[in-house]
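Engineer: So that we are looking at the same thing, I have put the structure below in structure tokens.
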Amino acid sequence: MRLALDIGNTNTKFGLFDNRALSIAGIIREPDELLPVLGNNKIEIVVISSVQPEIEASIRSVISAAGVPVTTLTSANDYGFTNEYKTRETLGIDRLCGIAGALELTESSGSLNLKRERFVITIDCGTATTINVLDGKRFIGGIIMPGMMTMAKSLNLNTAQLPEVVPAGDVPLIGASTIECIKSGIVNSTVGLIDRIVNELRLDFNGYNMFLTGGNTQYLRKSLKYNFIENENLVLYGVNRMAEKFL
């Protein structure tokens with residue numbers, strides 16, 4: 001068994017894999033919550049994707065104390081594609097792992113019967129929304145913008161009268177109330193960026209596989225007009241794909 005960890009800005013997710021198959025996935029709030037997973041399973045290795053160094057250090061201490069080998073992924077690892085990002089030292093590893101997870105799900109799609117297209121697009125809707133682009137075997141970068149709930153909180157905190165709005169339910173293009181206007185701004189700004197990427201890269205002509213992941217996908221899925229695959233554990237699949245390189 002292999003344990004994949006995705007330490008994000010808001011949550012830490014874990015996935016227990018039997019080779020390429022995900023057996024159990026969940027969220028931990030404290031490092032010690034990993035102890036039952038570590039103690040009750042024969043784990044060969046723990047592999048970590050992290051954007052939170054302090055939380056990562058605490059989790060690594062728990063894993064090491066349990067006597068399980070652990071490694072943390074960096075931008076220097078070989079993800080199966082070339083990395084053309086100009087500032088690799090600032091690149092969130094979860095973005096690379098999301099692309100690796102998309103490739104993993106494409107290759108093992110089974111009944112989904114996915115064909116690998118030229119472009120692979122991952123959209124991770126979390127505290128920040130990241131859009132990441134693989135062109136063939138080249139990671140060419142993407143977009144980072146405030147996440148949808150981050151936008152909502154920012155409007156509330158930085159204005160005198162605007163409420164904090166959850167962009168759930170129907171989202172009109174033109175709002176007829178303050179709440180509808182805020183919903184539209186939050187959701188349609190994100191959709192508009194995706195539209196521009198599709199148009200600028202001529203994805204309909206060149207072919208693409210689009211994947212959605214992250215806690216805020218529920219606010220986006222109804223407004224996207226493109227074919228996409230949603231998987232809440234996309235990064236974990238990528239981390240597990242990388243785990244094979246360390247065994």
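Naming scheme: A, B, ... for chains in displayed order of the structure tokens; residues 1 onward per chain; ligands 1 onward as shown.
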Check segment 79-216 of chain A with DSSP on the backbone and list each residue it calls helix (DSSP H, G or I), as a PyMOL selection string.
Structural biologist: chain A and resi 88-90+93-107+110-112+148-157+178-200+203-206
Engineer: Pick out the residues sitting within 7 Å of Arg138 of chain A, and hand them over as a CSV table (one decimal) with C-alpha atoms, in the first residue's frame; count only C-alpha atoms, and ignore anything fewer than 2 positions along from it in its own chain.
Structural biologist:
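Below you can see around.csv, which holds the result:
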```
chain,number,residue,atom,x,y,z
A,81,PHE,CA,6.7,15.8,-18.9
A,82,THR,CA,9.0,18.8,-19.3
A,83,ASN,CA,8.6,21.8,-17.1
A,84,GLU,CA,8.8,25.1,-18.9
A,134,LEU,CA,0.0,20.8,-20.5
A,135,ASP,CA,0.7,21.1,-24.3
A,136,GLY,CA,1.7,17.6,-25.5
A,140,ILE,CA,3.7,25.6,-20.2
```
Engineer: Could you check the closest approach to Ile121 of chain A for each of A:Val171, A:Val166, A:Met148, A:Met210 and tell me which residue wins, using only C-alpha atoms?
Structural biologist: A:Met210
Engineer: Between A:Ala168, A:Leu173, A:Ile229, A:Ile144, which residue has the minimum interatomic distance to Tyr208 of chain A, considering only C-alpha atoms?
Structural biologist: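 Closest to Tyr208 of chain A of all the choices is A:Ile229.
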Engineer: Tell me, as an NGL selection string, which residues lie within 12 Å of Asn156 of chain A, counting only C-alpha atoms; anything in the same chain fewer than 6 positions away does not count.
Structural biologist: :A and (149-150 or 162-166 or 179 or 182)
